[in-house]
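See below for model.cif, which holds mmCIF, C-alpha atoms.
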```cif
data_target
loop_
_atom_site.group_PDB
_atom_site.id
_atom_site.type_symbol
_atom_site.label_atom_id
_atom_site.label_comp_id
_atom_site.auth_asym_id
_atom_site.auth_seq_id
_atom_site.Cartn_x
_atom_site.Cartn_y
_atom_site.Cartn_z
ATOM 1 C CA MET A 1 -18.616 -45.888 -54.686
ATOM 2 C CA SER A 2 -20.780 -43.172 -53.090
ATOM 3 C CA ARG A 3 -18.642 -40.511 -54.795
ATOM 4 C CA ILE A 4 -19.126 -42.226 -58.151
ATOM 5 C CA LYS A 5 -22.877 -42.358 -57.577
ATOM 6 C CA LEU A 6 -22.930 -38.700 -56.561
ATOM 7 C CA THR A 7 -20.877 -37.714 -59.617
ATOM 8 C CA PHE A 8 -23.123 -39.753 -61.895
ATOM 9 C CA PHE A 9 -26.225 -38.170 -60.317
ATOM 10 C CA VAL A 10 -24.856 -34.646 -60.783
ATOM 11 C CA LEU A 11 -23.907 -35.375 -64.400
ATOM 12 C CA PHE A 12 -27.349 -36.859 -65.021
ATOM 13 C CA ILE A 13 -29.024 -33.700 -63.687
ATOM 14 C CA VAL A 14 -26.762 -31.460 -65.804
ATOM 15 C CA VAL A 15 -27.338 -33.473 -68.990
ATOM 16 C CA SER A 16 -31.099 -33.635 -68.329
ATOM 17 C CA ALA A 17 -31.266 -29.883 -67.735
ATOM 18 C CA PHE A 18 -29.300 -29.258 -70.949
ATOM 19 C CA SER A 19 -31.561 -31.593 -72.939
ATOM 20 C CA GLN A 20 -34.627 -29.947 -71.416
ATOM 21 C CA SER A 21 -33.231 -26.552 -72.390
ATOM 22 C CA LYS A 22 -32.621 -27.678 -75.986
ATOM 23 C CA ILE A 23 -36.102 -29.178 -76.288
ATOM 24 C CA ASP A 24 -37.659 -26.104 -74.708
ATOM 25 C CA SER A 25 -35.780 -23.848 -77.108
ATOM 26 C CA PHE A 26 -36.963 -25.912 -80.074
ATOM 27 C CA LEU A 27 -40.608 -25.784 -78.920
ATOM 28 C CA THR A 28 -40.603 -22.030 -78.289
ATOM 29 C CA PRO A 29 -42.745 -20.279 -80.962
ATOM 30 C CA SER A 30 -40.830 -17.934 -83.247
ATOM 31 C CA ASP A 31 -41.521 -14.186 -82.865
ATOM 32 C CA THR A 32 -41.009 -13.640 -86.589
ATOM 33 C CA LEU A 33 -41.421 -15.793 -89.660
ATOM 34 C CA ASN A 34 -38.946 -18.686 -89.538
ATOM 35 C CA ILE A 35 -38.611 -19.866 -93.139
ATOM 36 C CA GLN A 36 -37.012 -23.195 -92.220
ATOM 37 C CA ARG A 37 -39.720 -24.018 -89.710
ATOM 38 C CA ARG A 38 -42.503 -22.952 -92.072
ATOM 39 C CA ASN A 39 -41.109 -25.063 -94.914
ATOM 40 C CA ALA A 40 -40.692 -28.028 -92.580
ATOM 41 C CA VAL A 41 -44.321 -27.626 -91.486
ATOM 42 C CA ILE A 42 -45.587 -27.502 -95.081
ATOM 43 C CA ILE A 43 -43.565 -30.543 -96.144
ATOM 44 C CA THR A 44 -44.518 -32.540 -93.040
ATOM 45 C CA GLU A 45 -48.228 -31.727 -93.217
ATOM 46 C CA SER A 46 -48.404 -32.429 -96.959
ATOM 47 C CA SER A 47 -46.645 -35.758 -96.471
ATOM 48 C CA LEU A 48 -48.842 -36.793 -93.546
ATOM 49 C CA VAL A 49 -52.058 -35.859 -95.346
ATOM 50 C CA GLY A 50 -50.959 -37.648 -98.516
ATOM 51 C CA LEU A 51 -49.877 -40.795 -96.667
ATOM 52 C CA SER A 52 -53.064 -40.780 -94.580
ATOM 53 C CA LEU A 53 -55.303 -40.592 -97.648
ATOM 54 C CA LEU A 54 -53.241 -43.244 -99.441
ATOM 55 C CA GLY A 55 -53.407 -45.478 -96.371
ATOM 56 C CA LEU A 56 -57.181 -45.016 -96.054
ATOM 57 C CA ASN A 57 -57.639 -45.798 -99.726
ATOM 58 C CA GLN A 58 -55.607 -49.021 -99.512
ATOM 59 C CA LEU A 59 -56.479 -50.288 -96.026
ATOM 60 C CA TRP A 60 -60.119 -49.196 -95.778
ATOM 61 C CA TYR A 61 -61.783 -48.465 -99.097
ATOM 62 C CA ALA A 62 -59.984 -51.191 -101.074
ATOM 63 C CA ASP A 63 -62.057 -53.837 -99.259
ATOM 64 C CA TYR A 64 -65.318 -52.443 -100.632
ATOM 65 C CA PRO A 65 -66.634 -52.113 -104.215
ATOM 66 C CA ARG A 66 -66.097 -48.806 -106.010
ATOM 67 C CA SER A 67 -68.974 -46.889 -107.527
ATOM 68 C CA LYS A 68 -69.807 -43.720 -109.372
ATOM 69 C CA PHE A 69 -69.710 -40.638 -107.206
ATOM 70 C CA HIS A 70 -72.928 -40.484 -105.189
ATOM 71 C CA THR A 71 -74.373 -38.763 -102.122
ATOM 72 C CA ILE A 72 -76.289 -40.116 -99.135
ATOM 73 C CA ASP A 73 -78.528 -38.620 -96.457
ATOM 74 C CA ASP A 74 -77.343 -39.942 -93.093
ATOM 75 C CA THR A 75 -78.555 -37.100 -90.880
ATOM 76 C CA ASP A 76 -80.770 -39.448 -88.818
ATOM 77 C CA GLU A 77 -78.054 -42.006 -87.961
ATOM 78 C CA TRP A 78 -76.478 -42.684 -84.539
ATOM 79 C CA LEU A 79 -78.552 -39.902 -82.942
ATOM 80 C CA GLN A 80 -76.099 -37.479 -84.645
ATOM 81 C CA MET A 81 -73.118 -38.693 -82.576
ATOM 82 C CA ASP A 82 -71.137 -39.308 -85.777
ATOM 83 C CA LYS A 83 -71.760 -35.699 -86.821
ATOM 84 C CA LEU A 84 -70.346 -34.417 -83.539
ATOM 85 C CA GLY A 85 -67.312 -36.573 -84.254
ATOM 86 C CA HIS A 86 -66.849 -34.627 -87.479
ATOM 87 C CA VAL A 87 -67.238 -31.283 -85.679
ATOM 88 C CA PHE A 88 -64.677 -32.360 -83.074
ATOM 89 C CA SER A 89 -62.147 -33.677 -85.623
ATOM 90 C CA SER A 90 -62.380 -30.599 -87.843
ATOM 91 C CA TYR A 91 -61.969 -28.281 -84.845
ATOM 92 C CA GLN A 92 -59.023 -30.128 -83.308
ATOM 93 C CA ILE A 93 -57.103 -30.685 -86.562
ATOM 94 C CA GLY A 94 -57.622 -27.015 -87.434
ATOM 95 C CA ARG A 95 -56.483 -25.933 -83.971
ATOM 96 C CA ALA A 96 -53.342 -28.043 -84.312
ATOM 97 C CA GLY A 97 -52.720 -26.643 -87.807
ATOM 98 C CA ALA A 98 -52.947 -23.061 -86.562
ATOM 99 C CA ASN A 99 -50.762 -23.761 -83.519
ATOM 100 C CA ILE A 100 -47.960 -25.302 -85.531
ATOM 101 C CA LEU A 101 -47.962 -22.355 -87.941
ATOM 102 C CA ASN A 102 -47.800 -20.060 -84.917
ATOM 103 C CA TRP A 103 -44.708 -22.040 -83.825
ATOM 104 C CA SER A 104 -43.061 -21.216 -87.153
ATOM 105 C CA GLY A 105 -43.838 -17.489 -86.837
ATOM 106 C CA VAL A 106 -46.545 -17.287 -89.502
ATOM 107 C CA SER A 107 -48.873 -14.271 -89.197
ATOM 108 C CA GLU A 108 -52.203 -14.643 -87.404
ATOM 109 C CA LYS A 109 -54.073 -14.046 -90.671
ATOM 110 C CA ASN A 110 -52.252 -16.881 -92.420
ATOM 111 C CA GLN A 111 -52.669 -19.123 -89.388
ATOM 112 C CA LEU A 112 -56.422 -18.793 -89.854
ATOM 113 C CA ILE A 113 -56.352 -19.163 -93.637
ATOM 114 C CA TYR A 114 -53.907 -22.048 -93.983
ATOM 115 C CA GLY A 115 -53.784 -23.617 -90.513
ATOM 116 C CA SER A 116 -57.270 -23.639 -89.044
ATOM 117 C CA THR A 117 -58.787 -24.887 -92.324
ATOM 118 C CA LEU A 118 -56.550 -27.983 -92.351
ATOM 119 C CA GLY A 119 -59.216 -30.129 -90.691
ATOM 120 C CA PHE A 120 -61.919 -29.063 -93.138
ATOM 121 C CA ALA A 121 -59.646 -29.713 -96.145
ATOM 122 C CA PHE A 122 -58.543 -33.144 -94.925
ATOM 123 C CA LEU A 123 -62.037 -34.314 -93.981
ATOM 124 C CA THR A 124 -63.408 -33.061 -97.310
ATOM 125 C CA SER A 125 -60.880 -35.326 -99.059
ATOM 126 C CA VAL A 126 -62.063 -38.268 -96.955
ATOM 127 C CA GLU A 127 -65.668 -37.404 -97.812
ATOM 128 C CA VAL A 128 -64.832 -37.500 -101.532
ATOM 129 C CA LEU A 129 -63.377 -41.000 -101.062
ATOM 130 C CA ASP A 130 -66.661 -41.951 -99.368
ATOM 131 C CA GLY A 131 -68.496 -40.646 -102.417
ATOM 132 C CA PHE A 132 -66.742 -43.146 -104.694
ATOM 133 C CA SER A 133 -67.353 -46.101 -102.356
ATOM 134 C CA GLU A 134 -70.474 -48.245 -102.807
ATOM 135 C CA GLU A 135 -70.546 -48.903 -99.050
ATOM 136 C CA TRP A 136 -70.831 -45.228 -98.094
ATOM 137 C CA GLY A 137 -71.394 -41.983 -99.996
ATOM 138 C CA PHE A 138 -70.670 -38.281 -99.925
ATOM 139 C CA SER A 139 -72.619 -36.734 -97.050
ATOM 140 C CA TRP A 140 -73.600 -33.070 -97.072
ATOM 141 C CA ALA A 141 -74.445 -33.424 -93.380
ATOM 142 C CA ASP A 142 -70.845 -34.489 -92.694
ATOM 143 C CA MET A 143 -69.610 -31.509 -94.688
ATOM 144 C CA ALA A 144 -71.804 -29.171 -92.637
ATOM 145 C CA ALA A 145 -70.373 -30.701 -89.449
ATOM 146 C CA ASN A 146 -66.820 -30.245 -90.756
ATOM 147 C CA ALA A 147 -67.585 -26.590 -91.532
ATOM 148 C CA ALA A 148 -69.071 -26.108 -88.049
ATOM 149 C CA GLY A 149 -65.895 -27.374 -86.373
ATOM 150 C CA THR A 150 -63.658 -25.119 -88.434
ATOM 151 C CA GLY A 151 -66.073 -22.215 -87.945
ATOM 152 C CA LEU A 152 -66.011 -22.649 -84.172
ATOM 153 C CA TYR A 153 -62.254 -22.165 -84.133
ATOM 154 C CA ILE A 154 -62.058 -19.319 -86.646
ATOM 155 C CA GLY A 155 -65.065 -17.506 -85.174
ATOM 156 C CA GLN A 156 -63.546 -17.372 -81.692
ATOM 157 C CA GLU A 157 -60.184 -16.200 -82.992
ATOM 158 C CA MET A 158 -61.848 -13.393 -84.933
ATOM 159 C CA LEU A 159 -64.173 -12.433 -82.066
ATOM 160 C CA TRP A 160 -61.929 -12.840 -79.014
ATOM 161 C CA ASN A 161 -58.453 -13.671 -80.364
ATOM 162 C CA GLU A 162 -58.498 -16.772 -78.136
ATOM 163 C CA GLN A 163 -60.348 -20.048 -77.684
ATOM 164 C CA ARG A 164 -62.715 -19.416 -74.793
ATOM 165 C CA ILE A 165 -64.856 -22.453 -75.635
ATOM 166 C CA VAL A 166 -62.978 -25.655 -76.440
ATOM 167 C CA LEU A 167 -64.382 -28.840 -77.973
ATOM 168 C CA LYS A 168 -63.387 -31.889 -75.937
ATOM 169 C CA TYR A 169 -63.959 -35.642 -75.906
ATOM 170 C CA SER A 170 -64.374 -38.354 -73.279
ATOM 171 C CA PHE A 171 -65.038 -42.090 -73.473
ATOM 172 C CA HIS A 172 -66.091 -45.022 -71.324
ATOM 173 C CA GLN A 173 -66.589 -48.641 -72.376
ATOM 174 C CA THR A 174 -70.164 -49.923 -72.699
ATOM 175 C CA LYS A 175 -71.982 -53.257 -72.907
ATOM 176 C CA PHE A 176 -72.994 -52.632 -76.517
ATOM 177 C CA ALA A 177 -69.621 -53.125 -78.210
ATOM 178 C CA SER A 178 -69.488 -56.818 -77.228
ATOM 179 C CA GLN A 179 -72.890 -57.327 -78.868
ATOM 180 C CA ARG A 180 -71.655 -56.013 -82.215
ATOM 181 C CA PRO A 181 -67.844 -55.790 -82.244
ATOM 182 C CA ASP A 182 -67.677 -55.651 -86.058
ATOM 183 C CA LYS A 183 -69.456 -52.292 -86.003
ATOM 184 C CA LEU A 184 -68.694 -50.879 -82.555
ATOM 185 C CA GLY A 185 -65.131 -52.135 -82.170
ATOM 186 C CA GLU A 186 -63.304 -54.771 -80.164
ATOM 187 C CA GLY A 187 -60.905 -53.658 -77.451
ATOM 188 C CA LEU A 188 -60.471 -50.269 -75.826
ATOM 189 C CA LEU A 189 -58.788 -48.478 -78.760
ATOM 190 C CA GLU A 190 -61.280 -49.617 -81.410
ATOM 191 C CA GLU A 191 -64.244 -48.980 -79.133
ATOM 192 C CA ALA A 192 -63.027 -45.468 -78.335
ATOM 193 C CA LEU A 193 -63.168 -44.735 -82.070
ATOM 194 C CA LYS A 194 -66.291 -46.686 -83.042
ATOM 195 C CA ASP A 195 -68.639 -47.122 -80.080
ATOM 196 C CA TYR A 196 -70.802 -44.007 -80.083
ATOM 197 C CA ASN A 197 -72.552 -45.244 -76.933
ATOM 198 C CA GLY A 198 -69.457 -44.527 -74.857
ATOM 199 C CA GLN A 199 -68.437 -41.242 -76.450
ATOM 200 C CA THR A 200 -69.275 -37.817 -75.077
ATOM 201 C CA TYR A 201 -68.518 -34.512 -76.798
ATOM 202 C CA TRP A 202 -68.144 -31.398 -74.674
ATOM 203 C CA LEU A 203 -68.235 -27.648 -75.092
ATOM 204 C CA SER A 204 -65.848 -26.584 -72.338
ATOM 205 C CA ALA A 205 -66.042 -22.864 -71.515
ATOM 206 C CA ASN A 206 -63.293 -21.067 -69.611
ATOM 207 C CA LEU A 207 -64.854 -18.919 -66.888
ATOM 208 C CA HIS A 208 -61.944 -16.517 -66.354
ATOM 209 C CA SER A 209 -61.855 -15.570 -70.035
ATOM 210 C CA PHE A 210 -65.457 -14.319 -69.737
ATOM 211 C CA PHE A 211 -64.908 -12.652 -66.350
ATOM 212 C CA LYS A 212 -61.346 -11.370 -66.574
ATOM 213 C CA GLU A 213 -61.604 -9.106 -63.521
ATOM 214 C CA SER A 214 -62.738 -11.949 -61.279
ATOM 215 C CA SER A 215 -60.628 -14.099 -58.963
ATOM 216 C CA ILE A 216 -61.743 -17.302 -60.694
ATOM 217 C CA PRO A 217 -58.722 -19.566 -61.389
ATOM 218 C CA LYS A 218 -57.630 -19.168 -65.004
ATOM 219 C CA TRP A 219 -57.739 -22.905 -65.656
ATOM 220 C CA ILE A 220 -61.250 -23.769 -64.388
ATOM 221 C CA ASN A 221 -63.935 -24.510 -66.985
ATOM 222 C CA VAL A 222 -67.627 -25.383 -67.033
ATOM 223 C CA ALA A 223 -68.497 -28.048 -69.600
ATOM 224 C CA VAL A 224 -71.753 -29.020 -71.294
ATOM 225 C CA GLY A 225 -71.724 -32.462 -72.908
ATOM 226 C CA TYR A 226 -73.808 -34.546 -75.308
ATOM 227 C CA GLY A 227 -73.899 -38.319 -75.650
ATOM 228 C CA ALA A 228 -76.254 -41.132 -76.649
ATOM 229 C CA ASP A 229 -76.953 -44.687 -75.535
ATOM 230 C CA GLY A 230 -78.673 -47.899 -76.591
ATOM 231 C CA MET A 231 -77.403 -47.934 -80.192
ATOM 232 C CA LEU A 232 -76.346 -51.096 -82.008
ATOM 233 C CA THR A 233 -77.056 -49.708 -85.478
ATOM 234 C CA GLY A 234 -77.167 -46.294 -87.094
ATOM 235 C CA ARG A 235 -80.943 -46.404 -87.296
ATOM 236 C CA THR A 236 -83.528 -48.505 -85.445
ATOM 237 C CA GLU A 237 -83.887 -51.234 -88.084
ATOM 238 C CA SER A 238 -82.675 -54.785 -87.382
ATOM 239 C CA VAL A 239 -79.531 -56.254 -88.968
ATOM 240 C CA ASN A 240 -79.187 -60.011 -89.594
ATOM 241 C CA ASN A 241 -81.909 -60.755 -87.016
ATOM 242 C CA LEU A 242 -79.958 -58.782 -84.415
ATOM 243 C CA ILE A 243 -82.098 -57.840 -81.452
ATOM 244 C CA ILE A 244 -81.971 -54.063 -81.398
ATOM 245 C CA SER A 245 -82.179 -52.175 -78.123
ATOM 246 C CA GLN A 246 -85.267 -49.989 -77.947
ATOM 247 C CA GLU A 247 -83.695 -47.815 -75.262
ATOM 248 C CA ARG A 248 -81.986 -45.399 -77.601
ATOM 249 C CA ARG A 249 -81.713 -42.090 -75.779
ATOM 250 C CA ARG A 250 -79.938 -38.777 -75.893
ATOM 251 C CA GLN A 251 -77.949 -37.697 -72.849
ATOM 252 C CA PHE A 252 -76.957 -34.202 -71.752
ATOM 253 C CA TYR A 253 -74.282 -33.467 -69.163
ATOM 254 C CA LEU A 254 -73.101 -30.621 -66.950
ATOM 255 C CA SER A 255 -69.688 -30.766 -65.296
ATOM 256 C CA PHE A 256 -66.528 -28.916 -64.399
ATOM 257 C CA ASP A 257 -63.340 -29.215 -66.465
ATOM 258 C CA VAL A 258 -59.734 -28.009 -66.583
ATOM 259 C CA ASP A 259 -58.229 -26.028 -69.460
ATOM 260 C CA LEU A 260 -54.719 -27.442 -69.325
ATOM 261 C CA THR A 261 -53.389 -24.810 -71.728
ATOM 262 C CA ARG A 262 -54.109 -22.092 -69.133
ATOM 263 C CA ILE A 263 -51.974 -23.666 -66.412
ATOM 264 C CA GLU A 264 -49.050 -21.289 -66.004
ATOM 265 C CA THR A 265 -45.598 -22.734 -66.690
ATOM 266 C CA LYS A 266 -42.408 -21.424 -68.251
ATOM 267 C CA SER A 267 -41.637 -24.803 -69.808
ATOM 268 C CA HIS A 268 -42.604 -24.973 -73.474
ATOM 269 C CA LEU A 269 -42.286 -28.746 -73.257
ATOM 270 C CA LEU A 270 -45.018 -28.840 -70.614
ATOM 271 C CA LYS A 271 -47.074 -26.347 -72.608
ATOM 272 C CA SER A 272 -46.882 -28.660 -75.636
ATOM 273 C CA ILE A 273 -47.878 -31.689 -73.542
ATOM 274 C CA PHE A 274 -50.785 -29.783 -71.993
ATOM 275 C CA ASP A 275 -51.887 -28.624 -75.442
ATOM 276 C CA VAL A 276 -52.033 -32.219 -76.728
ATOM 277 C CA LEU A 277 -53.836 -33.548 -73.639
ATOM 278 C CA ASN A 278 -56.355 -30.705 -73.684
ATOM 279 C CA VAL A 279 -58.502 -32.546 -76.239
ATOM 280 C CA ILE A 280 -59.662 -34.836 -73.395
ATOM 281 C CA LYS A 281 -62.288 -33.757 -70.870
ATOM 282 C CA VAL A 282 -60.925 -34.108 -67.321
ATOM 283 C CA PRO A 283 -63.144 -36.466 -65.251
ATOM 284 C CA PHE A 284 -65.248 -34.661 -62.630
ATOM 285 C CA PRO A 285 -68.544 -35.194 -60.810
ATOM 286 C CA THR A 286 -71.214 -34.811 -63.481
ATOM 287 C CA LEU A 287 -74.955 -34.233 -63.663
ATOM 288 C CA GLU A 288 -76.766 -36.161 -66.422
ATOM 289 C CA ILE A 289 -80.261 -35.672 -67.803
ATOM 290 C CA ASP A 290 -81.622 -37.731 -70.694
ATOM 291 C CA ASP A 291 -84.283 -36.928 -73.272
ATOM 292 C CA ARG A 292 -86.921 -38.546 -71.039
ATOM 293 C CA GLY A 293 -86.192 -36.224 -68.154
ATOM 294 C CA ALA A 294 -84.379 -38.769 -65.947
ATOM 295 C CA LEU A 295 -81.672 -37.229 -63.732
ATOM 296 C CA LYS A 296 -78.504 -38.995 -62.625
ATOM 297 C CA LEU A 297 -75.465 -37.821 -60.672
ATOM 298 C CA HIS A 298 -72.102 -39.419 -61.515
ATOM 299 C CA SER A 299 -69.467 -39.177 -58.786
ATOM 300 C CA ILE A 300 -66.832 -39.283 -61.566
ATOM 301 C CA TYR A 301 -67.730 -39.362 -65.236
ATOM 302 C CA PHE A 302 -65.459 -40.401 -68.108
#
```
Could you write out this structure as structure tokens?
Amino acid sequence: MSRIKLTFFVLFIVVSAFSQSKIDSFLTPSDTLNIQRRNAVIITESSLVGLSLLGLNQLWYADYPRSKFHTIDDTDEWLQMDKLGHVFSSYQIGRAGANILNWSGVSEKNQLIYGSTLGFAFLTSVEVLDGFSEEWGFSWADMAANAAGTGLYIGQEMLWNEQRIVLKYSFHQTKFASQRPDKLGEGLLEEALKDYNGQTYWLSANLHSFFKESSIPKWINVAVGYGADGMLTGRTESVNNLIISQERRRQFYLSFDVDLTRIETKSHLLKSIFDVLNVIKVPFPTLEIDDRGALKLHSIYF
């Protein structure tokens, strides 16, 4: 029986190593243009964008009355946390679009033109749908935020040919979601998307990329974050006699972070996993200061 177990174990290791090798080979970026990969990327992205917009139209907008195309001014809502969400989404979708074109061997120029603008194009389509919905409206402030996210990615590629400053996200649950679950979400997943009180957006700067001759570890970052608290509505007005918190405040954070994409490994599977996870700010001790000057030290901040 021990021989059978040993044989099975050896075979398992061999098969796993072979599978790992195949996956790693598949994930390795092409040195030259790979037509099959590029076509697969175009077809997949077009399908996903189309299905996403169709799904939004049927599952979200269909529940609200349609209207003529109109614009709104929502620059003063949610202490601008929703706008940072647009910046983050545009940046990360564009980064993913450029990376996947790099995988297929597309030139750096075309990665910027057709890949990094993916987030801006997709979010513009969503904004147009908002414009035809009576509940919302086309927001020029949202469009400016979308452009800022795309510009952050393209600007760094043109200036440094790398992303030295990465936009990241973190979240913790708050007491506010339970007071208005219809607006701020119910359950961890919904709250992570809807409860602006628990969201923090970070500019995470890689130190080694700015001081390349130093002995600073290549993966260590310093991050500056922005969040807000005390919000049950977009503005300060009451809704259905809801008691609105008057403690709305802006919060600014300083912390360390890890750039997972700069951890050295020969495995392209691990590189891909690190690249996906790198949208999340790694929890570290964090210094907080709010717009009233109050200081607070978090032993670990999410």
Give me the box for stretch 228-234 of chain A as lines of an AutoDock Vina configuration file, namely the centre and edge lengths in Å to one decimal of a box along x, y and z that holds every listed atom plus 3 Å on each side.
```
center_x = -77.5
center_y = -46.1
center_z = -81.3
size_x = 8.4
size_y = 16.0
size_z = 17.6
```
Give as a ChimeraX atom specification the set of residues within 12 Å of the point (-68.3, -25.4, -70.7), where distances use the file's coordinates and only C-alpha atoms. /A:163-168,201-210,219-226,253-259,281-282
Could the residues in this selection be saved with C-alpha atoms as a CSV table (one decimal), in the coordinates of the input?
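This went into out33.csv:
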```csv
chain,number,residue,atom,x,y,z
A,163,GLN,CA,-60.3,-20.0,-77.7
A,164,ARG,CA,-62.7,-19.4,-74.8
A,165,ILE,CA,-64.9,-22.5,-75.6
A,166,VAL,CA,-63.0,-25.7,-76.4
A,167,LEU,CA,-64.4,-28.8,-78.0
A,168,LYS,CA,-63.4,-31.9,-75.9
A,201,TYR,CA,-68.5,-34.5,-76.8
A,202,TRP,CA,-68.1,-31.4,-74.7
A,203,LEU,CA,-68.2,-27.6,-75.1
A,204,SER,CA,-65.8,-26.6,-72.3
A,205,ALA,CA,-66.0,-22.9,-71.5
A,206,ASN,CA,-63.3,-21.1,-69.6
A,207,LEU,CA,-64.9,-18.9,-66.9
A,208,HIS,CA,-61.9,-16.5,-66.4
A,209,SER,CA,-61.9,-15.6,-70.0
A,210,PHE,CA,-65.5,-14.3,-69.7
A,219,TRP,CA,-57.7,-22.9,-65.7
A,220,ILE,CA,-61.2,-23.8,-64.4
A,221,ASN,CA,-63.9,-24.5,-67.0
A,222,VAL,CA,-67.6,-25.4,-67.0
A,223,ALA,CA,-68.5,-28.0,-69.6
A,224,VAL,CA,-71.8,-29.0,-71.3
A,225,GLY,CA,-71.7,-32.5,-72.9
A,226,TYR,CA,-73.8,-34.5,-75.3
A,253,TYR,CA,-74.3,-33.5,-69.2
A,254,LEU,CA,-73.1,-30.6,-67.0
A,255,SER,CA,-69.7,-30.8,-65.3
A,256,PHE,CA,-66.5,-28.9,-64.4
A,257,ASP,CA,-63.3,-29.2,-66.5
A,258,VAL,CA,-59.7,-28.0,-66.6
A,259,ASP,CA,-58.2,-26.0,-69.5
A,281,LYS,CA,-62.3,-33.8,-70.9
A,282,VAL,CA,-60.9,-34.1,-67.3
```
Residue members of the PyMOL selection byres ((chain A and resi 75-88) around 8) in the file shown, as a PyMOL selection string: chain A and resi 73-74+89-92+141-142+145-150+167-169+196+201+227-228+231+233-235+250
Explicit residue set for the PyMOL selection byres ((chain A and resi 34) around 6), as a PyMOL selection string: chain A and resi 33+35-37+104-105
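The gap separating atom CA of A:Ser214 from atom CA of A:Gln156 is 21.1 Å, in Å to one decimal.
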Around (-59.7, -22.3, -87.7) in the file's own coordinates, what residues are found within 10 Å if you use all atoms listed in the file, given back as a PyMOL selection string? chain A and resi 90-99+111-120+147+149-158
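Of the residues under consideration (A:Asp195, A:Arg292, A:Ala144, A:Thr236), A:Asp195 shows the shortest atom-to-atom contact distance to A:Lys183 when counting all atoms listed in the file.
With atom CA of A:Val41 on one side and atom CA of A:His268 on the other, the separation reads 18.3 Å.
Note that the spacing between atom CA of A:Arg66 and atom CA of A:Thr124 amounts to 18.2 Å.
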Let me know the residues the PyMOL selection byres ((chain A and resi 297) around 10) catches in the file above, as an MDAnalysis selection string. chainID A and resid 253:254 285:289 295:296 298:301
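Proximity to A:Phe176 was assessed for A:Trp160, A:Glu135, A:Glu213, A:Leu232 counting all atoms listed in the file; the smallest distance is recorded for A:Leu232.
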At a cut-off of 12 Å, using all atoms listed in the file, what residues contact A:Ser46? Leave out same-chain residues fewer than 4 positions from it and give the result as a PyMOL selection string. chain A and resi 39-42+50-53+97+118+121-122
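With all atoms listed in the file as the atoms that count, the minimum distance from A:Ser139 to the choices A:Ala177, A:Ile72, A:Leu260, A:Leu188 is reached by A:Ile72.
Using all atoms listed in the file, the shortest contact distance between A:Ile100 and any of A:Thr44, A:Gln251, A:Asn57, A:Asn197 is found at A:Thr44.
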Could you model N, CA and C atoms for stretch 289-300 of chain A and present them as a short mmCIF file (atom, residue, chain, number, x, y, z; two decimals), keeping the file's coordinate frame?
```cif
data_model
loop_
_atom_site.label_atom_id
_atom_site.label_comp_id
_atom_site.auth_asym_id
_atom_site.auth_seq_id
_atom_site.Cartn_x
_atom_site.Cartn_y
_atom_site.Cartn_z
N ILE A 289 -78.82 -35.63 -67.57
CA ILE A 289 -80.26 -35.67 -67.80
C ILE A 289 -80.48 -36.20 -69.22
N ASP A 290 -81.38 -37.18 -69.37
CA ASP A 290 -81.62 -37.73 -70.69
C ASP A 290 -82.87 -37.12 -71.31
N ASP A 291 -83.17 -37.55 -72.55
CA ASP A 291 -84.28 -36.93 -73.27
C ASP A 291 -85.65 -37.34 -72.73
N ARG A 292 -85.66 -38.18 -71.69
CA ARG A 292 -86.92 -38.55 -71.04
C ARG A 292 -87.08 -37.85 -69.70
N GLY A 293 -86.10 -36.99 -69.38
CA GLY A 293 -86.19 -36.22 -68.15
C GLY A 293 -85.58 -36.88 -66.93
N ALA A 294 -84.97 -38.06 -67.08
CA ALA A 294 -84.38 -38.77 -65.95
C ALA A 294 -83.05 -38.12 -65.55
N LEU A 295 -82.89 -37.85 -64.26
CA LEU A 295 -81.67 -37.23 -63.73
C LEU A 295 -80.78 -38.27 -63.09
N LYS A 296 -79.46 -38.08 -63.24
CA LYS A 296 -78.50 -38.99 -62.62
C LYS A 296 -77.24 -38.22 -62.29
N LEU A 297 -76.71 -38.46 -61.09
CA LEU A 297 -75.46 -37.82 -60.67
C LEU A 297 -74.34 -38.84 -60.69
N HIS A 298 -73.29 -38.56 -61.46
CA HIS A 298 -72.10 -39.42 -61.52
C HIS A 298 -71.06 -38.84 -60.58
N SER A 299 -70.52 -39.66 -59.68
CA SER A 299 -69.47 -39.18 -58.79
C SER A 299 -68.23 -38.79 -59.58
N ILE A 300 -67.88 -39.59 -60.59
CA ILE A 300 -66.83 -39.28 -61.57
C ILE A 300 -67.30 -39.80 -62.90
#
```
